[in-house]
>>> print(open('upload-v2.cif').read())   # mmCIF, C-alpha atoms and all ligand atoms
data_final
#
loop_
_atom_site.label_atom_id
_atom_site.label_comp_id
_atom_site.auth_asym_id
_atom_site.auth_seq_id
_atom_site.Cartn_x
_atom_site.Cartn_y
_atom_site.Cartn_z
CA MET A 428 14.10 -17.03 18.44
CA ASP A 429 16.05 -18.58 21.29
CA GLY A 430 18.78 -20.88 20.15
CA THR A 431 18.57 -19.90 16.52
CA ARG A 432 20.39 -17.32 14.54
CA PRO A 433 20.83 -16.66 10.88
CA VAL A 434 23.52 -18.67 9.17
CA ALA A 435 24.56 -18.76 5.55
CA ALA A 436 21.69 -19.77 3.32
CA GLU A 437 21.76 -23.50 2.82
CA GLN A 438 19.49 -25.56 0.66
CA GLY A 439 21.51 -28.33 -0.88
CA GLY A 440 23.54 -25.81 -2.81
CA ALA A 441 20.47 -24.80 -4.80
CA VAL A 442 19.66 -21.49 -3.21
CA ARG A 443 17.87 -19.25 -5.65
CA ALA A 444 18.18 -15.51 -5.34
CA ALA A 445 14.82 -14.04 -4.47
CA ALA A 446 14.70 -12.16 -7.75
CA GLY A 447 15.95 -15.03 -9.89
CA PRO A 448 19.42 -14.72 -11.39
CA PRO A 449 21.58 -12.10 -9.67
CA VAL A 450 22.30 -8.91 -11.59
CA ALA A 451 25.71 -8.77 -13.29
CA VAL A 452 26.61 -5.53 -11.52
CA PRO A 453 24.74 -3.66 -8.81
CA VAL A 454 22.24 -1.05 -9.87
CA ARG A 455 23.07 2.36 -8.47
CA VAL A 456 20.44 4.93 -7.63
CA PRO A 457 21.44 8.49 -6.76
CA ALA A 458 20.88 9.21 -3.06
CA SER A 459 19.75 12.71 -3.96
CA ARG A 460 16.46 11.30 -5.20
CA TYR A 461 15.62 10.75 -1.55
CA THR A 462 16.86 14.07 -0.16
CA SER A 463 16.68 16.76 -2.79
CA ALA A 464 13.93 19.36 -2.66
CA ALA A 465 14.44 19.89 -6.40
CA PHE A 466 13.82 16.21 -7.11
CA ALA A 467 10.75 16.22 -4.86
CA ALA A 468 9.49 19.25 -6.79
CA LEU A 469 9.94 17.32 -10.06
CA GLU A 470 8.00 14.40 -8.63
CA ALA A 471 5.24 16.79 -7.54
CA GLU A 472 5.10 18.43 -10.95
CA ARG A 473 5.63 15.47 -13.29
CA MET A 474 4.70 12.28 -11.49
CA TRP A 475 2.05 12.62 -8.77
CA PRO A 476 -0.55 14.39 -10.97
CA ARG A 477 -0.16 11.70 -13.67
CA VAL A 478 -0.39 8.38 -11.84
CA TRP A 479 -3.21 6.30 -10.46
CA GLN A 480 -2.93 6.20 -6.67
CA VAL A 481 -4.91 4.49 -3.92
CA ALA A 482 -7.06 7.10 -2.17
CA CYS A 483 -9.46 5.16 0.05
CA THR A 484 -11.67 2.07 -0.01
CA LEU A 485 -15.15 1.54 -1.39
CA ASP A 486 -16.31 1.22 2.23
CA HIS A 487 -15.43 4.90 2.73
CA VAL A 488 -17.76 6.00 -0.08
CA ARG A 489 -20.40 3.29 -0.40
CA GLN A 490 -23.61 5.30 0.15
CA PRO A 491 -24.87 8.33 -1.81
CA GLY A 492 -23.58 11.44 -0.04
CA ASP A 493 -20.44 9.74 1.33
CA PHE A 494 -17.28 11.74 0.71
CA TYR A 495 -13.58 11.38 1.33
CA GLU A 496 -10.77 13.89 0.90
CA TYR A 497 -7.54 12.34 -0.37
CA ARG A 498 -4.33 14.29 0.00
CA CYS A 499 -0.95 13.57 -1.53
CA GLY A 500 1.61 16.28 -0.90
CA ARG A 501 -0.15 19.45 -2.00
CA LEU A 502 -2.72 17.65 -4.10
CA SER A 503 -6.20 17.32 -2.68
CA VAL A 504 -8.99 15.34 -4.30
CA ILE A 505 -12.55 15.05 -3.11
CA ILE A 506 -14.23 11.70 -3.84
CA VAL A 507 -18.02 11.52 -3.59
CA ARG A 508 -20.72 8.92 -4.09
CA ALA A 509 -23.36 10.80 -6.06
CA ASP A 510 -27.14 10.34 -5.85
CA ASP A 511 -27.11 8.28 -9.04
CA GLY A 512 -24.74 5.81 -7.34
CA ALA A 513 -21.72 6.82 -9.42
CA LEU A 514 -18.37 7.47 -7.83
CA ARG A 515 -17.00 10.86 -8.83
CA ALA A 516 -13.88 12.80 -7.93
CA PHE A 517 -12.84 16.41 -8.29
CA GLN A 518 -9.85 18.56 -7.58
CA ASN A 519 -10.67 20.00 -4.20
CA VAL A 520 -10.76 23.66 -5.12
CA CYS A 521 -13.47 26.28 -5.22
CA MET A 522 -13.67 27.85 -8.66
CA HIS A 523 -14.41 31.27 -7.16
CA ARG A 524 -11.14 32.22 -5.50
CA GLY A 525 -9.46 28.91 -4.88
CA ASN A 526 -10.43 27.90 -1.38
CA THR A 527 -10.44 24.22 -0.43
CA ILE A 528 -14.04 23.02 -0.55
CA CYS A 529 -14.07 19.97 1.73
CA GLU A 530 -11.86 18.53 4.43
CA GLY A 531 -11.83 15.06 5.94
CA SER A 532 -14.53 12.52 5.26
CA GLY A 533 -18.16 11.92 6.13
CA SER A 534 -21.66 11.17 4.97
CA GLY A 535 -24.88 12.87 3.98
CA LEU A 536 -23.47 15.32 1.47
CA SER A 537 -26.08 16.68 -0.94
CA GLU A 538 -23.87 19.32 -2.55
CA LEU A 539 -20.30 20.58 -2.54
CA ARG A 540 -20.43 24.04 -1.03
CA CYS A 541 -17.46 26.27 -0.37
CA PRO A 542 -17.71 27.63 3.16
CA TYR A 543 -16.22 31.03 2.25
CA HIS A 544 -18.75 32.75 -0.06
CA ARG A 545 -20.99 29.68 -0.34
CA TRP A 546 -20.69 28.85 -4.02
CA ALA A 547 -22.21 25.39 -4.45
CA TRP A 548 -21.92 22.51 -6.93
CA ASP A 549 -24.02 19.38 -7.20
CA LEU A 550 -22.40 15.99 -6.79
CA THR A 551 -21.79 15.76 -10.53
CA GLY A 552 -19.58 18.85 -10.23
CA ALA A 553 -22.02 21.23 -11.96
CA LEU A 554 -22.21 24.74 -10.56
CA ARG A 555 -25.66 25.28 -9.12
CA GLU A 556 -25.58 28.32 -6.86
CA VAL A 557 -23.64 31.57 -6.66
CA PRO A 558 -24.80 33.98 -3.96
CA SER A 559 -25.40 37.51 -5.33
CA ARG A 560 -24.76 36.16 -8.79
CA LYS A 561 -25.76 39.38 -10.56
CA GLY A 562 -22.60 41.10 -9.38
CA PHE A 563 -20.49 38.82 -11.61
CA GLY A 564 -22.28 39.80 -14.81
CA VAL A 565 -22.53 36.77 -17.10
CA LEU A 566 -21.13 33.61 -15.47
CA ASP A 567 -20.60 30.51 -17.60
CA ASN A 568 -21.66 27.54 -15.45
CA ASP A 569 -19.81 25.07 -17.65
CA GLU A 570 -16.54 26.96 -17.32
CA LEU A 571 -16.95 26.97 -13.57
CA ALA A 572 -17.72 23.29 -13.08
CA LEU A 573 -15.46 21.50 -10.63
CA VAL A 574 -12.34 20.03 -12.21
CA ALA A 575 -12.96 16.31 -12.69
CA VAL A 576 -10.45 13.70 -11.58
CA GLN A 577 -10.46 10.11 -12.84
CA VAL A 578 -11.72 7.68 -10.21
CA ASP A 579 -12.13 3.92 -10.37
CA ALA A 580 -11.84 0.86 -8.16
CA TRP A 581 -9.90 -2.39 -8.16
CA GLY A 582 -11.44 -4.78 -5.68
CA PRO A 583 -12.15 -2.73 -2.54
CA LEU A 584 -9.56 -0.04 -3.35
CA VAL A 585 -10.53 3.35 -4.79
CA PHE A 586 -7.92 4.95 -7.03
CA VAL A 587 -7.74 8.47 -8.41
CA ASN A 588 -5.69 10.03 -11.19
CA LEU A 589 -5.65 13.79 -11.80
CA ASP A 590 -4.63 13.22 -15.41
CA THR A 591 -7.93 12.96 -17.24
CA SER A 592 -6.14 11.74 -20.37
CA ALA A 593 -4.34 8.92 -18.55
CA ALA A 594 -5.06 5.31 -19.51
CA PRO A 595 -7.88 3.76 -17.48
CA LEU A 596 -7.12 2.02 -14.19
CA HIS A 597 -7.59 -1.53 -15.47
CA GLN A 598 -4.96 -0.86 -18.11
CA TYR A 599 -2.62 0.84 -15.64
CA LEU A 600 -2.78 -2.15 -13.31
CA GLU A 601 -1.32 -4.44 -16.01
CA GLY A 602 -1.35 -8.09 -14.89
CA VAL A 603 -2.08 -7.41 -11.23
CA PRO A 604 -5.88 -8.01 -11.23
CA SER A 605 -5.58 -11.33 -13.06
CA ASP A 606 -2.65 -12.45 -10.90
CA SER A 607 -4.73 -11.81 -7.76
CA ALA A 608 -8.09 -13.03 -9.12
CA TRP A 609 -7.84 -16.21 -7.02
CA ALA A 610 -8.31 -14.12 -3.85
CA HIS A 611 -11.66 -12.55 -4.90
CA LEU A 612 -10.67 -9.14 -3.56
CA ASP A 613 -14.21 -7.81 -4.04
CA GLU A 614 -15.21 -9.83 -0.98
CA PHE A 615 -12.99 -7.82 1.37
CA GLN A 616 -14.20 -5.00 3.62
CA CYS A 617 -11.97 -2.36 5.16
CA SER A 618 -12.14 -2.48 8.97
CA PHE A 619 -9.84 0.42 9.73
CA THR A 620 -7.03 2.58 8.46
CA THR A 621 -4.10 4.07 10.33
CA LEU A 622 -2.17 7.20 9.44
CA SER A 623 1.43 7.52 10.65
CA GLN A 624 3.95 10.31 10.15
CA VAL A 625 7.38 8.95 9.21
CA ALA A 626 10.58 11.00 9.31
CA SER A 627 11.90 9.77 5.97
CA ASN A 628 11.34 10.25 2.28
CA TRP A 629 8.20 8.58 0.90
CA LYS A 630 10.38 6.29 -1.24
CA VAL A 631 12.26 5.03 1.82
CA VAL A 632 8.89 3.89 3.16
CA ALA A 633 7.81 2.36 -0.16
CA ASP A 634 11.18 0.61 -0.54
CA GLY A 635 10.82 -0.85 2.95
CA PHE A 636 7.77 -2.77 1.73
CA SER A 637 9.26 -3.74 -1.64
CA GLU A 638 11.83 -6.36 -0.66
CA THR A 639 12.27 -9.18 1.82
CA TYR A 640 16.07 -9.01 1.91
CA HIS A 641 15.73 -7.16 5.23
CA VAL A 642 13.80 -9.93 6.99
CA GLN A 643 17.05 -11.58 8.14
CA GLY A 644 18.21 -8.14 9.34
CA ILE A 645 15.35 -6.78 11.38
CA HIS A 646 12.65 -9.42 11.74
CA PRO A 647 14.42 -12.29 13.58
CA GLU A 648 11.13 -13.45 15.13
CA MET A 649 9.70 -13.89 11.66
CA LEU A 650 12.47 -15.99 10.12
CA ALA A 651 11.20 -19.30 11.44
CA SER A 652 7.85 -18.89 9.69
CA ILE A 653 8.80 -17.40 6.32
CA ASP A 654 10.79 -18.65 3.37
CA ASP A 655 12.57 -15.39 2.65
CA VAL A 656 15.03 -16.98 0.22
CA ASN A 657 12.99 -18.92 -2.34
CA THR A 658 10.69 -16.07 -3.24
CA GLU A 659 9.41 -15.67 -6.76
CA GLN A 660 9.31 -12.12 -7.98
CA HIS A 661 7.70 -10.87 -11.15
CA VAL A 662 7.97 -7.46 -12.69
CA TRP A 663 5.40 -6.12 -15.12
CA ASP A 664 5.96 -2.62 -16.52
CA HIS A 665 4.95 -0.28 -13.69
CA HIS A 666 4.23 -2.89 -11.02
CA SER A 667 5.70 -6.01 -9.49
CA VAL A 668 4.89 -8.86 -7.13
CA SER A 669 6.57 -11.36 -4.87
CA HIS A 670 4.99 -14.65 -3.87
CA GLN A 671 6.32 -15.84 -0.55
CA ARG A 672 5.51 -18.86 1.56
CA TYR A 673 4.68 -18.45 5.23
CA GLY A 674 4.35 -21.28 7.76
CA ILE A 675 7.72 -22.64 6.72
CA ALA A 676 11.14 -21.80 8.18
CA SER A 677 13.75 -19.74 6.40
CA PRO A 678 16.54 -21.80 4.80
CA ARG A 679 18.84 -19.44 6.69
CA LEU A 680 17.98 -21.12 10.00
CA ARG A 681 19.38 -24.25 11.61
CA ASP A 682 16.30 -24.81 13.78
CA ARG A 683 13.53 -25.36 11.27
CA SER A 684 11.47 -27.56 13.57
CA ASP A 685 7.67 -27.48 13.67
CA GLN A 686 7.84 -25.90 17.12
CA ALA A 687 10.05 -23.12 15.79
CA VAL A 688 7.63 -22.48 12.89
CA TRP A 689 4.62 -22.54 15.22
CA ASP A 690 6.19 -20.17 17.79
CA SER A 691 7.32 -17.76 15.09
CA PHE A 692 3.90 -17.66 13.45
CA ILE A 693 2.18 -17.01 16.78
CA VAL A 694 4.57 -14.19 17.71
CA THR A 695 4.28 -12.44 14.35
CA GLN A 696 0.81 -13.35 13.01
CA GLY A 697 -0.91 -15.37 15.73
CA GLU A 698 -4.05 -13.23 15.61
CA ARG A 699 -4.84 -14.72 12.21
CA MET A 700 -5.60 -17.96 14.08
CA GLY A 701 -7.78 -16.14 16.62
CA PRO A 702 -7.48 -14.58 20.06
CA ALA A 703 -6.38 -17.87 21.65
CA PHE A 704 -3.04 -17.61 19.87
CA LYS A 705 -1.55 -14.54 21.49
CA SER A 706 1.34 -16.35 23.12
CA VAL A 707 3.46 -19.35 22.28
CA CYS A 708 2.24 -22.82 23.22
CA PRO A 709 3.17 -26.42 22.40
CA VAL A 710 2.79 -27.32 18.75
CA PRO A 711 -0.40 -29.33 18.13
CA ALA A 712 -0.17 -33.01 17.19
CA LEU A 713 -0.08 -33.50 13.43
CA ALA A 714 -2.30 -36.05 11.68
CA GLU A 715 -0.63 -38.39 9.26
CA GLY A 716 0.47 -36.56 6.15
CA GLU A 717 -0.27 -33.19 7.69
CA THR A 718 2.35 -30.45 7.96
CA ILE A 719 2.62 -27.65 10.49
CA ARG A 720 1.68 -25.36 7.62
CA ASP A 721 -1.57 -27.30 7.14
CA VAL A 722 -2.30 -26.98 10.87
CA ILE A 723 -1.81 -23.22 10.81
CA ALA A 724 -4.01 -22.91 7.70
CA GLU A 725 -6.76 -24.95 9.37
CA ARG A 726 -6.62 -22.76 12.50
CA ILE A 727 -7.04 -19.71 10.25
CA ARG A 728 -10.07 -21.35 8.59
CA GLN A 729 -11.56 -22.16 12.01
CA HIS A 730 -11.07 -18.60 13.22
CA GLN A 731 -12.66 -17.13 10.11
CA ALA A 732 -15.58 -19.54 10.48
CA THR A 733 -16.33 -17.95 13.86
CA ARG A 734 -16.76 -14.67 11.92
CA GLY A 735 -19.10 -16.32 9.43
CA VAL A 736 -16.48 -16.52 6.69
CA ASP A 737 -16.09 -19.83 4.89
CA LEU A 738 -12.54 -20.39 3.70
CA ALA A 739 -13.02 -24.02 2.72
CA GLY A 740 -12.16 -23.09 -0.85
CA TYR A 741 -8.72 -21.82 0.13
CA ASP A 742 -6.03 -24.45 0.48
CA THR A 743 -2.94 -24.18 2.65
CA ASP A 744 -1.05 -22.25 0.00
CA GLY A 745 -3.99 -19.90 -0.55
CA LEU A 746 -3.87 -18.94 3.11
CA LEU A 747 -0.13 -19.01 3.69
CA ARG A 748 1.42 -17.78 0.49
CA LEU A 749 1.67 -14.02 0.56
CA SER A 750 1.24 -12.21 -2.73
CA GLN A 751 2.86 -8.83 -2.23
CA TYR A 752 2.04 -6.39 -5.02
CA ASN A 753 4.04 -3.22 -5.39
CA LEU A 754 1.95 -0.78 -7.35
CA PHE A 755 3.82 2.15 -8.81
CA PRO A 756 4.51 4.53 -7.30
CA ASN A 757 3.74 4.15 -3.62
CA THR A 758 1.48 1.26 -2.70
CA THR A 759 2.07 -2.23 -1.37
CA VAL A 760 -0.88 -4.63 -1.37
CA LEU A 761 -0.38 -7.74 0.77
CA VAL A 762 -2.84 -10.49 -0.12
CA TRP A 763 -3.46 -13.62 1.91
CA GLY A 764 -6.61 -15.71 1.57
CA ASP A 765 -8.06 -14.35 4.82
CA MET A 766 -6.61 -10.85 5.00
CA VAL A 767 -5.45 -7.95 2.87
CA ASN A 768 -3.19 -5.16 4.10
CA VAL A 769 -2.47 -2.12 1.98
CA LEU A 770 0.28 0.39 2.69
CA THR A 771 0.59 3.70 0.88
CA SER A 772 3.33 6.26 1.42
CA ARG A 773 2.99 9.84 0.34
CA PRO A 774 5.32 12.84 0.41
CA GLY A 775 5.25 15.06 3.48
CA PRO A 776 6.02 18.79 3.62
CA SER A 777 9.73 18.18 2.89
CA PRO A 778 11.72 15.37 1.18
CA ASP A 779 12.58 14.16 4.69
CA GLU A 780 8.98 13.47 5.72
CA ALA A 781 6.31 11.02 4.62
CA GLU A 782 2.84 9.89 5.54
CA LEU A 783 2.07 6.20 5.74
CA THR A 784 -1.50 4.92 5.58
CA MET A 785 -2.27 1.28 6.33
CA PHE A 786 -5.59 -0.24 5.32
CA LEU A 787 -6.67 -3.45 7.05
CA LEU A 788 -9.23 -5.51 5.19
CA TYR A 789 -10.91 -8.79 6.03
CA ARG A 790 -13.25 -10.96 4.04
CA ALA A 791 -16.81 -9.85 4.79
CA PRO A 792 -19.23 -12.50 6.04
CA ASP A 793 -22.17 -13.18 3.70
CA GLY A 794 -24.83 -10.51 4.12
CA ALA A 795 -22.64 -8.26 6.29
CA PRO A 796 -24.07 -4.74 6.30
CA PRO A 797 -21.90 -1.99 4.86
CA ALA A 798 -19.85 -0.25 7.54
CA LYS A 799 -17.48 2.69 7.39
CA PRO A 800 -13.91 1.95 8.38
CA PHE A 801 -12.42 3.58 11.46
CA ASP A 802 -9.72 6.01 10.34
CA VAL A 803 -7.16 6.55 13.08
CA ALA A 804 -4.30 9.06 13.11
CA LEU A 805 -1.66 7.41 15.23
CA PRO A 806 0.60 9.15 17.73
CA ALA A 807 4.31 8.55 17.13
CA GLU A 808 4.59 6.06 20.00
CA ALA A 809 1.66 3.88 18.88
CA SER A 810 2.40 0.23 18.11
CA LEU A 811 1.37 -1.35 14.82
CA GLY A 812 2.47 -4.82 15.87
CA VAL A 813 5.89 -6.36 16.26
CA VAL A 814 6.80 -6.59 12.58
CA ILE A 815 5.59 -3.19 11.34
CA ASP A 816 7.12 -1.56 14.42
CA GLN A 817 10.45 -3.08 13.42
CA ASP A 818 10.02 -1.77 9.88
CA LEU A 819 9.12 1.76 10.97
CA GLY A 820 11.84 1.80 13.62
CA MET A 821 14.38 1.22 10.87
CA LEU A 822 12.81 3.49 8.25
CA LYS A 823 13.01 6.54 10.48
CA ARG A 824 16.81 6.10 10.74
CA PHE A 825 17.38 6.37 7.00
CA GLN A 826 17.07 10.03 6.28
CA ARG A 827 20.08 11.13 8.30
CA GLY A 828 22.24 8.52 6.58
CA LEU A 829 21.01 9.47 3.13
CA HIS A 830 22.09 13.07 3.75
CA GLN A 831 25.73 12.21 4.47
CA PRO A 832 27.93 13.77 1.77
CA GLY A 833 30.00 10.62 1.27
CA PHE A 834 26.94 8.58 0.37
CA THR A 835 26.21 9.28 -3.25
CA HIS A 836 24.37 6.15 -4.43
CA LEU A 837 22.28 3.28 -3.20
CA THR A 838 23.71 -0.06 -4.38
CA LEU A 839 20.96 -2.53 -5.20
CA SER A 840 20.91 -6.30 -5.67
CA GLY A 841 18.72 -8.39 -7.93
CA GLU A 842 16.92 -9.32 -4.73
CA GLU A 843 15.78 -5.68 -4.64
CA ILE A 844 14.40 -5.83 -8.18
CA ARG A 845 11.09 -4.27 -7.17
CA ILE A 846 12.86 -1.16 -5.88
CA ILE A 847 14.98 -1.04 -9.03
CA ASN A 848 11.85 -1.26 -11.16
CA MET A 849 10.11 1.48 -9.21
CA GLN A 850 13.13 3.76 -9.71
CA ARG A 851 13.25 3.00 -13.42
CA VAL A 852 9.57 3.81 -13.86
CA LEU A 853 9.97 6.94 -11.75
CA GLU A 854 12.61 8.24 -14.10
CA THR A 855 10.27 7.84 -17.06
CA TYR A 856 8.05 10.42 -15.35
CA VAL A 857 10.65 12.66 -13.74
CA GLY A 858 13.38 12.38 -16.35
CA ALA A 859 16.44 11.57 -14.24
CA GLY A 860 18.79 8.62 -14.81
CA VAL A 861 19.39 5.47 -12.80
CA GLU A 862 23.08 4.65 -13.10
CA SER A 863 24.23 1.06 -13.52
CA GLY A 864 27.54 -0.50 -12.69
CA ALA A 865 30.59 0.93 -11.00
CA GLU A 866 30.67 4.07 -13.08
CA THR A 867 28.09 6.74 -12.93
CA ARG A 868 26.70 7.39 -16.36
S1 LIG B 1 -13.58 31.14 -2.31
FE1 LIG B 1 -15.12 29.68 -2.46
S2 LIG B 1 -16.94 30.78 -2.58
FE2 LIG B 1 -15.40 32.26 -2.53
FE FE B 2 9.74 -5.57 7.09
#
>>> encode(input="upload-v2.cif", output="structure tokens")
Amino acid sequence: MDGTRPVAAEQGGAVRAAAGPPVAVPVRVPASRYTSAAFAALEAERMWPRVWQVACTLDHVRQPGDFYEYRCGRLSVIIVRADDGALRAFQNVCMHRGNTICEGSGSGLSELRCPYHRWAWDLTGALREVPSRKGFGVLDNDELALVAVQVDAWGPLVFVNLDTSAAPLHQYLEGVPSDSAWAHLDEFQCSFTTLSQVASNWKVVADGFSETYHVQGIHPEMLASIDDVNTEQHVWDHHSVSHQRYGIASPRLRDRSDQAVWDSFIVTQGERMGPAFKSVCPVPALAEGETIRDVIAERIRQHQATRGVDLAGYDTDGLLRLSQYNLFPNTTVLVWGDMVNVLTSRPGPSPDEAELTMFLLYRAPDGAPPAKPFDVALPAEASLGVVIDQDLGMLKRFQRGLHQPGFTHLTLSGEEIRIINMQRVLETYVGAGVESGAETR
């Protein structure tokens, strides 16, 4: 913002670290976790096949015959809506000689048929046809059923877990569903998803959406409409959340005027108030007792009303307090009253590459017909908006730094507690240690 720049945090001497009390000593995480092919192989062997992960949304697989292929590294899972209405998922492998059965997503599937020799399974995974079957002698259909994968949904998000003995999703999600119950996530529909290739480790991407310490570093336009200092964070076992107020200026700023808040909100999130708020304009007059935050919330309600969505039940805080859930291992769910964004990062072909999928969801108007989301693979130069572009611009610089031989550890603050927690949970799967303090243990 013109005329403003970050200064030392000031709030009557009562600045609270975003994570609560600071840690006594920094937490140190080995840099090799982000660069080592051996560590990536351990993750692939011990972690990815054992965790619940967001694969798609219910809108992708709402009708019988809808299917969606989810890939994570080398893992491939096919999710189908069967004729009986049940959601099912299978490892995406033909039990004949191991070909991949399905690719991509679509509708109208009545069977799962391998294109090579045309073995076919029904949508429950039961083998139902083997061309020239006699040549195999006695085939046991049960032995050759597709390999089932656990599948379940939280709100509009479909999760899969290849570990059929893993605890069910509702248990895995710990306190997250009850913490977010106020938002009625079932009411959200996915409009579109974007897929981006990022030249960094998947954890660099996940970390980038697990703390707000960097807002003062790379999102200067945002600072006047976010309280990045007084953020509550809560850590469950696997997962964590921050609750952060928008529509209010950072305590780091000198200019915390209504005009500064208004301009900042328009530049970074103006579309939430509708297409009229693409560029900065004079701040509206406030009624008595009203704050600029109330005005922004009311504009959001008015915009959603034009879509047929009634947000009268959501107060200013419900619309302008972001609940940012970090689901282990790789998903960030951003919940506002009017909008939900989900970001998932997955390993690419090497530890230096990742795939980032963003899901954009809006509250569906009453009686809205089901619609499939648009899934868009983005070219490298595509813009995802001013804030995400700033995030991705920084994340792609990391990998070269992480490889420098003199950089042995990340040094993390209590403000980065959600990254610390993710690393600690990761080591329970992979079996490596997070070192604390000045000395490596
Ligand atoms: S590999 Fe699938 S039918 Fe032969
Ligand atoms: Fe960011």
>>> atom_distance(input="upload-v2.cif", atom1="CA of Asp737 (chain A)", atom2="CA of Val707 (chain A)")
26.2 Å
>>> residues_around(input="upload-v2.cif", residues="Gln480 (chain A)", least_positions_apart="5", cutoff="7 Å", atoms="all atoms listed in the file", output="mmCIF file with C-alpha atoms, in the coordinates of the input")
data_model
loop_
_atom_site.group_PDB
_atom_site.id
_atom_site.type_symbol
_atom_site.label_atom_id
_atom_site.label_comp_id
_atom_site.auth_asym_id
_atom_site.auth_seq_id
_atom_site.Cartn_x
_atom_site.Cartn_y
_atom_site.Cartn_z
ATOM 1 C CA PHE A 586 -7.920 4.950 -7.030
ATOM 2 C CA VAL A 587 -7.740 8.470 -8.410
ATOM 3 C CA ASN A 588 -5.690 10.030 -11.190
#
>>> residues_near_ligand(input="upload-v2.cif", ligand="ligand LIG 1 (chain B)", cutoff="9 Å", atoms="only C-alpha atoms and all ligand atoms", output="ChimeraX atom specification")
/A:520-528,540-547,557-558
>>> closest_atom_pairs(input="upload-v2.cif", of="chain A", to="ligand FE 2 (chain B)", cutoff="8 Å", atoms="all atoms listed in the file", output="JSON lines")
{"residue": "A:Gly635", "atom": "CA", "partner": "B:FE2", "partner_atom": "FE", "distance": 6.4}
{"residue": "A:Phe636", "atom": "CA", "partner": "B:FE2", "partner_atom": "FE", "distance": 6.4}
{"residue": "A:Thr639", "atom": "CA", "partner": "B:FE2", "partner_atom": "FE", "distance": 6.9}
{"residue": "A:His641", "atom": "CA", "partner": "B:FE2", "partner_atom": "FE", "distance": 6.5}
{"residue": "A:Val642", "atom": "CA", "partner": "B:FE2", "partner_atom": "FE", "distance": 6.0}
{"residue": "A:Ile645", "atom": "CA", "partner": "B:FE2", "partner_atom": "FE", "distance": 7.2}
{"residue": "A:His646", "atom": "CA", "partner": "B:FE2", "partner_atom": "FE", "distance": 6.7}
{"residue": "A:Val814", "atom": "CA", "partner": "B:FE2", "partner_atom": "FE", "distance": 6.3}
{"residue": "A:Ile815", "atom": "CA", "partner": "B:FE2", "partner_atom": "FE", "distance": 6.4}
{"residue": "A:Gln817", "atom": "CA", "partner": "B:FE2", "partner_atom": "FE", "distance": 6.8}
{"residue": "A:Asp818", "atom": "CA", "partner": "B:FE2", "partner_atom": "FE", "distance": 4.7}
>>> axis_aligned_box(input="upload-v2.cif", around="region 835-850 of chain A", padding_each_side="6 Å", output="AutoDock Vina command-line options")
--center_x 18.2 --center_y 0.0 --center_z -7.2 --size_x 28.1 --size_y 30.6 --size_z 20.0
>>> atom_distance(input="upload-v2.cif", atom1="CA of Gly535 (chain A)", atom2="CA of Ala516 (chain A)")
16.2 Å
>>> residues_around(input="upload-v2.cif", residues="Leu853 (chain A)", least_positions_apart="4", cutoff="8 Å", atoms="all atoms listed in the file", output="PyMOL selection string")
chain A and resi 474+756+849+857-858
>>> closest_residue(input="upload-v2.cif", among="A:Arg748, A:His830, A:Arg498, A:Arg672", to="Cys529 (chain A)", atoms="all atoms listed in the file")
A:Arg498
>>> closest_residue(input="upload-v2.cif", among="A:Val722, A:Val656, A:Leu787, A:Ala626", to="Asp744 (chain A)", atoms="all atoms listed in the file")
A:Val722
>>> residues_around(input="upload-v2.cif", residues="Ile847 (chain A)", least_positions_apart="3", cutoff="9 Å", atoms="only C-alpha atoms", output="PyMOL selection string")
chain A and resi 454-456+839-841+843-844+850-852+861
>>> closest_residue(input="upload-v2.cif", among="A:Ser605, A:Ser706, A:Ser623, A:Gln751", to="Glu659 (chain A)", atoms="all atoms listed in the file")
A:Gln751
>>> residues_around(input="upload-v2.cif", residues="Leu805 (chain A)", least_positions_apart="2", cutoff="8 Å", atoms="all atoms listed in the file", output="list of chain:residue names")
A:Thr621, A:Leu622, A:Ser623, A:Val803, A:Ala807, A:Glu808, A:Ala809
>>> atom_distance(input="upload-v2.cif", atom1="CA of Asn753 (chain A)", atom2="CA of Val767 (chain A)")
13.4 Å
>>> residues_around(input="upload-v2.cif", residues="region 566-576 of chain A", least_positions_apart="5", cutoff="9 Å", atoms="only C-alpha atoms", output="ChimeraX atom specification")
/A:504-506,515-523,548,551-555,560-561,587-591
>>> residues_near_point(input="upload-v2.cif", point="(-2.0, -7.1, -9.6)", cutoff="7 Å", atoms="all atoms listed in the file", output="MDAnalysis selection string")
chainID A and resid 600:607 752
>>> closest_residue(input="upload-v2.cif", among="A:Gln686, A:Thr855, A:Ser810, A:Ser677", to="Pro711 (chain A)", atoms="all atoms listed in the file")
A:Gln686
>>> closest_residue(input="upload-v2.cif", among="A:Cys499, A:Ser684, A:Arg773, A:Trp479", to="Gln624 (chain A)", atoms="all atoms listed in the file")
A:Arg773
>>> closest_residue(input="upload-v2.cif", among="A:Asp549, A:Asp779, A:Ala468, A:Thr620", to="Arg824 (chain A)", atoms="only C-alpha atoms")
A:Asp779
>>> residues_near_point(input="upload-v2.cif", point="(2.2, 17.9, -2.4)", cutoff="8 Å", atoms="only C-alpha atoms", output="PyMOL selection string")
chain A and resi 471+498-502+774-776
